[in-house]
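This report concerns only the one structure given below.
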Amino acid sequence: MRWSKTLIPTMKEVPADAEIPSHQLMLRAGLIRQLMAGAYTYLPLGYRALRKAEAIVREEMERAGAVELFMPALQPIDLFEKTGRKEAFGNVLINFQVQRGGRQVHLALGPTHEEVVTDLISRHVTSWRQLPLCVFQIQTKFRNEERPRFGVLRTSEFLMKDAYSFHSSLEQLNETYQAMYHAYCRVFARCGLNYVPVEAESGPIGGDASHEFMVPAGNGEDRIVKSTKGNYAANLERAETGRKSPSLTTPADAAALQKVATPNATSIEQVSRMLKCSPQQMIKTLIFQADDAPVAVLIRGDHEANEGKIRRALGCKSLGLADPKTIEAVTGAPVGFAGPVGIKCRVIADHDVPLIANAVTGANAADAHFTGVNIGRDYQLDTTFDLRNAVHGDPCPRSDGTLELVHGIEVGHVFKLGTKYSVSLGAEFVDEKEQRHPLIMGCYGIGVNRIIASLAETSFDENGLIWPLSVAPYSVEIIPLNVTDPEVMQLAERCYSELEAAGVDCLFDDRDQRPGFKFKDADLIGIPLRLVIGGKGLKEGNVEIKWRTSAGPDKVPVDQAVVTVQRLLAERRTQEFARVPA
RNA sequence: CGGGAUGUAGCUCAGCUUGGCUAGAGCGCCUGGUUUGGGACCAGGAAGUCGCAGGUUCAAAUCCUGUCAUCCCGACCA
């Protein structure tokens with residue numbers, strides 16, 4: 001492609017609305033333009049990169065045995081009502097009514113396609129002999145983000161690869177799950193991403209096992225926990241800690257229990273300031289409603305409660321913070337003064353709580369807290385649990401390493417769905433013994449835009465983007481330094497047509513601009529290999545070839561230019577593939 | 001949805017506090033010329049309903065009210 005024939009609006013200055021590297025660079029390099037908050041146009045250069053990532057995803061899905069189909073983005077709202085997800089999605093689900101003849105039709109724009117695909121499969125798959133089956137599509141998804149942000153990382157409209165698998169047994173599901181997991185590793189490795197598969201909660205979608213694929217990045221929205229020994233990684237929601245129950249004995253030097261006045265101090269922060277104690281010294285007492293019973297959950301003041309862990313520790317179905325009426329009934333005090341001493345409900349505590357000697361906590365009385373609270377003497381526990389979010393330095397649950405927290409961008413998610421959708425939509429099969437069972441499902445998503453955005457976010461230098469060959473918009477940029485010099489242009493044109501004929505995708509910078517100008521643009525858009533043809537080199541019979549990341553150019557004889565470019569690209573491709581798991 | 005910030009030329013921004021000349025600069029763009037190996041120089045030029053609506057005033061980019069949009073923090077996020 002000739003630069004003069006395409007649209008690559010590069011910018012020298014940083015747009016005021018862009019804060020993070022990927023957003024700034026994608027705008028400056030002319031990859032994207034914003035239409036409104038959460039909706040971006042992919043310009044020719046950005047679209048090429050997106051398409052290359054898409055092609056890699058498609059290849060790997062097919063390699064893993066999935067078949068591609070294409071479902072409508074427009075969906076009848078009834079499907080979401082049947083599965084209860086109209087509620088669950090709430091405002092995120094873009095839906096509206098349209099007139100058709102005399103009636104109103106209520107439609108939604110698909111945020112994902114579990115309903116549509118399950119409905120489809122339920123009509124055509126009836127026998128165990130047809131299973132397993134794995135279908136996928138690459139399609140635009142719509143979610144009304146309450147707050148789109150970070151440029152292209154969080155938008156209301158995005159390209160997603162979503163795959164769905166159907167099985168007659170858990171073993172079958174596990175096999176496909178493994179195949180998808182492996183395919184995902186190959187996809188992200190081929191795209192040149194530094195990725196970490198982490199254990200994850202499957203979330204409101206249900207199911208029992210799931211992994212997220214995260215790209216570590218300071219601006220990532222998610223927090224993930226990694227072991228320093230490298231054998232454990234999980235998202236913060238899910239991450240276990242390797243802590244154990246401490247001994248539940250009253251410390252020998254326990255101070256006296258004292259009630260102190262704390263008027264209007266209802267938060268950890270307010271109390272710690274008023275009583276001049278650190279949050280680590282405090283016990284946070286949260287009253288939850290677990291199924292039908294209130295439960296007090298004790299967490300050290302500086303820690304965050306983890307609802308998933310609390311739910312598992314209690315073995316309850318539903319869990320949520322109790323309403324003020326319940327809290328008052330249980331504590332005998334308004335909200336904000338709960339504590340374990342004399343509370344009238346079941347109490348469970350995190351491992352770290354009994355370790356606090358002379359703790360500060362609510363006194364179950366208005367405007368009062370206790371100090372000098374100690375395990376055994378002032379409150380009792382049978383045992384303790386892991387109930388809080390992991391924290392930097394916690395012991396690893398799988399090794400003698402410790403845990404560290406990093407931010408990450410979620411680029412993929414695989415999970416075992418089970419029968420949630422097949423049950424609610426009546427998707428059943430008949431087994432060998434003529435018994436009917438709901439189909440067992442898995443689903444697997446990749447954010448294609450996020451592959452590009454994560455690369456832009458993590459692969460750049462002070463001059464601009466640095467693409468891996470695999471998803472670079474073009475492999476080679478050819479730069480004739482003086483387009484008015486016929487000798488230079490003739491050679492440049494020849495290299496361009498020979499490379500294109502050999503199937504190498506080239507960007508030919510045929511603009512009448514000064515060399516420095518073109519070099520700056522070339523670095524900004526980050527095409528991996530640069531072929532420079534200039535008057536000086538030509539006098540010596542040379543052209544210059546340079547990788548985006550190497551310090552200086554290599555001189556190559558004119559007649560070797562095309563084959564050298566081809567050789568270098570082939571070598572680089574092999575290198576990039578060497579990192580892909582077999 | 002709560003908190004904060006910003007809307008002036010394609011981009012980055014000044015002007016607003018203290019209302020008043022024809023609304024400015026740099027970059028980009030157009031014309032001509034000189035240049036040509038890391039974002040050239042000279043000369044000339046085009047380009048803005050000052051986000052929008054209403055109000056105050058002899059007079060509003062500037063003050064007031066409302067509204068819309070965008071960005072950031074938080075809540076939310078299959």
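Ordering of the structure tokens sets the chain letters (A, B, ...); residue numbers start at 1 within each chain; ligands are numbered from 1 in the order shown.
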Inset, instruction - Using only C-alpha atoms (C1' of nucleotides), determine which residues lie at most 12 Å from range 34-50 of chain B, disregarding the query and same-chain residues fewer than 5 positions distant; provide the list as a count of residues only. - result: 47
Legend entry - Secondary structure check, strand (DSSP E or B) residues of range 494-566 of chain A, as a ChimeraX atom specification: /A:506-508,529-533,542-547,554-557
Mind writing the picked residues with all heavy atoms as a short mmCIF file (atom, residue, chain, number, x, y, z; two decimals), in the first residue's frame?
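Ended up saving to out11.cif:
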data_model
loop_
_atom_site.label_atom_id
_atom_site.label_comp_id
_atom_site.auth_asym_id
_atom_site.auth_seq_id
_atom_site.Cartn_x
_atom_site.Cartn_y
_atom_site.Cartn_z
N CYS A 506 3.66 -4.61 2.28
CA CYS A 506 4.54 -3.45 2.42
C CYS A 506 3.73 -2.17 2.53
O CYS A 506 2.70 -2.01 1.87
CB CYS A 506 5.41 -3.30 1.17
SG CYS A 506 6.43 -4.70 0.83
N LEU A 507 4.24 -1.26 3.32
CA LEU A 507 3.73 0.10 3.30
C LEU A 507 4.81 0.94 2.62
O LEU A 507 5.97 0.93 3.05
CB LEU A 507 3.50 0.60 4.73
CG LEU A 507 2.97 2.04 4.84
CD1 LEU A 507 1.63 2.19 4.15
CD2 LEU A 507 2.86 2.45 6.30
N PHE A 508 4.45 1.60 1.54
CA PHE A 508 5.41 2.33 0.70
C PHE A 508 5.22 3.83 0.97
O PHE A 508 4.21 4.40 0.55
CB PHE A 508 5.14 1.97 -0.76
CG PHE A 508 6.10 2.56 -1.74
CD1 PHE A 508 7.46 2.72 -1.44
CD2 PHE A 508 5.65 2.94 -3.02
CE1 PHE A 508 8.34 3.24 -2.37
CE2 PHE A 508 6.53 3.48 -3.95
CZ PHE A 508 7.88 3.63 -3.62
N LEU A 529 9.94 -3.95 10.10
CA LEU A 529 11.17 -3.85 9.28
C LEU A 529 11.09 -2.63 8.37
O LEU A 529 10.05 -2.36 7.78
CB LEU A 529 11.33 -5.14 8.44
CG LEU A 529 12.71 -5.39 7.85
CD1 LEU A 529 13.76 -5.52 8.95
CD2 LEU A 529 12.70 -6.64 6.98
N ARG A 530 12.24 -1.92 8.29
CA ARG A 530 12.28 -0.69 7.51
C ARG A 530 13.32 -0.82 6.42
O ARG A 530 14.47 -1.19 6.68
CB ARG A 530 12.66 0.45 8.46
CG ARG A 530 12.43 1.83 7.91
CD ARG A 530 12.84 2.87 8.93
NE ARG A 530 14.28 3.11 8.88
CZ ARG A 530 14.93 3.92 9.69
NH1 ARG A 530 14.30 4.56 10.66
NH2 ARG A 530 16.23 4.09 9.57
N LEU A 531 12.91 -0.55 5.19
CA LEU A 531 13.83 -0.59 4.04
C LEU A 531 13.98 0.84 3.52
O LEU A 531 13.02 1.43 3.03
CB LEU A 531 13.26 -1.50 2.94
CG LEU A 531 13.99 -1.53 1.61
CD1 LEU A 531 15.43 -2.00 1.77
CD2 LEU A 531 13.23 -2.43 0.63
N VAL A 532 15.19 1.40 3.69
CA VAL A 532 15.42 2.79 3.29
C VAL A 532 16.26 2.84 2.03
O VAL A 532 17.30 2.20 1.93
CB VAL A 532 16.13 3.57 4.42
CG1 VAL A 532 16.57 4.94 3.93
CG2 VAL A 532 15.20 3.71 5.61
N ILE A 533 15.77 3.62 1.05
CA ILE A 533 16.49 3.79 -0.20
C ILE A 533 16.79 5.28 -0.35
O ILE A 533 15.87 6.09 -0.44
CB ILE A 533 15.64 3.28 -1.38
CG1 ILE A 533 15.45 1.76 -1.22
CG2 ILE A 533 16.33 3.58 -2.70
CD1 ILE A 533 14.17 1.25 -1.79
N ASN A 542 24.14 0.56 -2.20
CA ASN A 542 23.51 -0.07 -1.04
C ASN A 542 22.11 0.48 -0.74
O ASN A 542 21.80 1.62 -1.07
CB ASN A 542 24.37 0.16 0.21
CG ASN A 542 25.67 -0.60 0.15
OD1 ASN A 542 25.73 -1.70 -0.40
ND2 ASN A 542 26.72 -0.01 0.71
N VAL A 543 21.32 -0.35 -0.07
CA VAL A 543 20.12 0.13 0.60
C VAL A 543 20.31 -0.17 2.09
O VAL A 543 21.25 -0.85 2.46
CB VAL A 543 18.84 -0.56 0.08
CG1 VAL A 543 18.63 -0.28 -1.38
CG2 VAL A 543 18.90 -2.07 0.35
N GLU A 544 19.40 0.37 2.91
CA GLU A 544 19.53 0.12 4.34
C GLU A 544 18.33 -0.63 4.87
O GLU A 544 17.19 -0.32 4.54
CB GLU A 544 19.66 1.45 5.09
CG GLU A 544 21.01 2.11 4.87
CD GLU A 544 20.99 3.58 5.27
OE1 GLU A 544 20.11 3.95 6.05
OE2 GLU A 544 21.85 4.31 4.77
N ILE A 545 18.62 -1.62 5.71
CA ILE A 545 17.54 -2.40 6.32
C ILE A 545 17.68 -2.34 7.83
O ILE A 545 18.78 -2.50 8.36
CB ILE A 545 17.59 -3.86 5.83
CG1 ILE A 545 17.40 -3.92 4.31
CG2 ILE A 545 16.53 -4.70 6.54
CD1 ILE A 545 17.43 -5.30 3.72
N LYS A 546 16.58 -2.04 8.50
CA LYS A 546 16.64 -1.88 9.95
C LYS A 546 15.36 -2.40 10.60
O LYS A 546 14.26 -2.11 10.15
CB LYS A 546 16.82 -0.40 10.28
CG LYS A 546 16.84 -0.07 11.76
CD LYS A 546 16.87 1.45 11.97
CE LYS A 546 16.64 1.84 13.41
NZ LYS A 546 15.38 1.37 13.99
N TRP A 547 15.55 -3.18 11.69
CA TRP A 547 14.40 -3.54 12.51
C TRP A 547 13.99 -2.33 13.33
O TRP A 547 14.84 -1.52 13.72
CB TRP A 547 14.75 -4.70 13.46
CG TRP A 547 14.90 -6.02 12.77
CD1 TRP A 547 16.07 -6.68 12.52
CD2 TRP A 547 13.85 -6.83 12.23
NE1 TRP A 547 15.82 -7.85 11.86
CE2 TRP A 547 14.46 -7.97 11.67
CE3 TRP A 547 12.46 -6.70 12.16
CZ2 TRP A 547 13.72 -8.98 11.05
CZ3 TRP A 547 11.73 -7.71 11.54
CH2 TRP A 547 12.35 -8.84 10.99
N ASP A 554 21.49 -1.80 8.69
CA ASP A 554 22.52 -2.58 8.01
C ASP A 554 22.50 -2.23 6.54
O ASP A 554 21.44 -2.14 5.93
CB ASP A 554 22.23 -4.09 8.17
CG ASP A 554 22.48 -4.54 9.60
OD1 ASP A 554 23.42 -4.01 10.23
OD2 ASP A 554 21.71 -5.41 10.08
N LYS A 555 23.70 -2.04 5.98
CA LYS A 555 23.78 -1.77 4.54
C LYS A 555 23.74 -3.08 3.79
O LYS A 555 24.40 -4.06 4.17
CB LYS A 555 25.10 -1.05 4.23
CG LYS A 555 25.14 0.39 4.72
CD LYS A 555 26.41 1.04 4.19
CE LYS A 555 26.61 2.49 4.53
NZ LYS A 555 25.94 3.08 5.65
N VAL A 556 22.94 -3.10 2.74
CA VAL A 556 22.79 -4.32 1.94
C VAL A 556 22.90 -3.92 0.47
O VAL A 556 22.31 -2.91 0.06
CB VAL A 556 21.41 -4.96 2.20
CG1 VAL A 556 21.17 -6.13 1.27
CG2 VAL A 556 21.29 -5.40 3.65
N PRO A 557 23.67 -4.69 -0.32
CA PRO A 557 23.78 -4.36 -1.75
C PRO A 557 22.40 -4.34 -2.41
O PRO A 557 21.54 -5.15 -2.05
CB PRO A 557 24.62 -5.51 -2.32
CG PRO A 557 25.34 -6.09 -1.16
CD PRO A 557 24.49 -5.85 0.04
#
Inset, instruction - If you run DSSP over the backbone, which residues in range 176-371 of chain A end up alpha helix (DSSP H)? Put them as an NGL selection string. - result: :A and (176-190 or 268-275 or 307-314 or 324-331)
Legend entry - Nearest to Ala163 in chain A, chosen from A:Ser470, A:Gln137, A:Thr126, A:Thr371, with only C-alpha atoms counted in the distances: A:Gln137
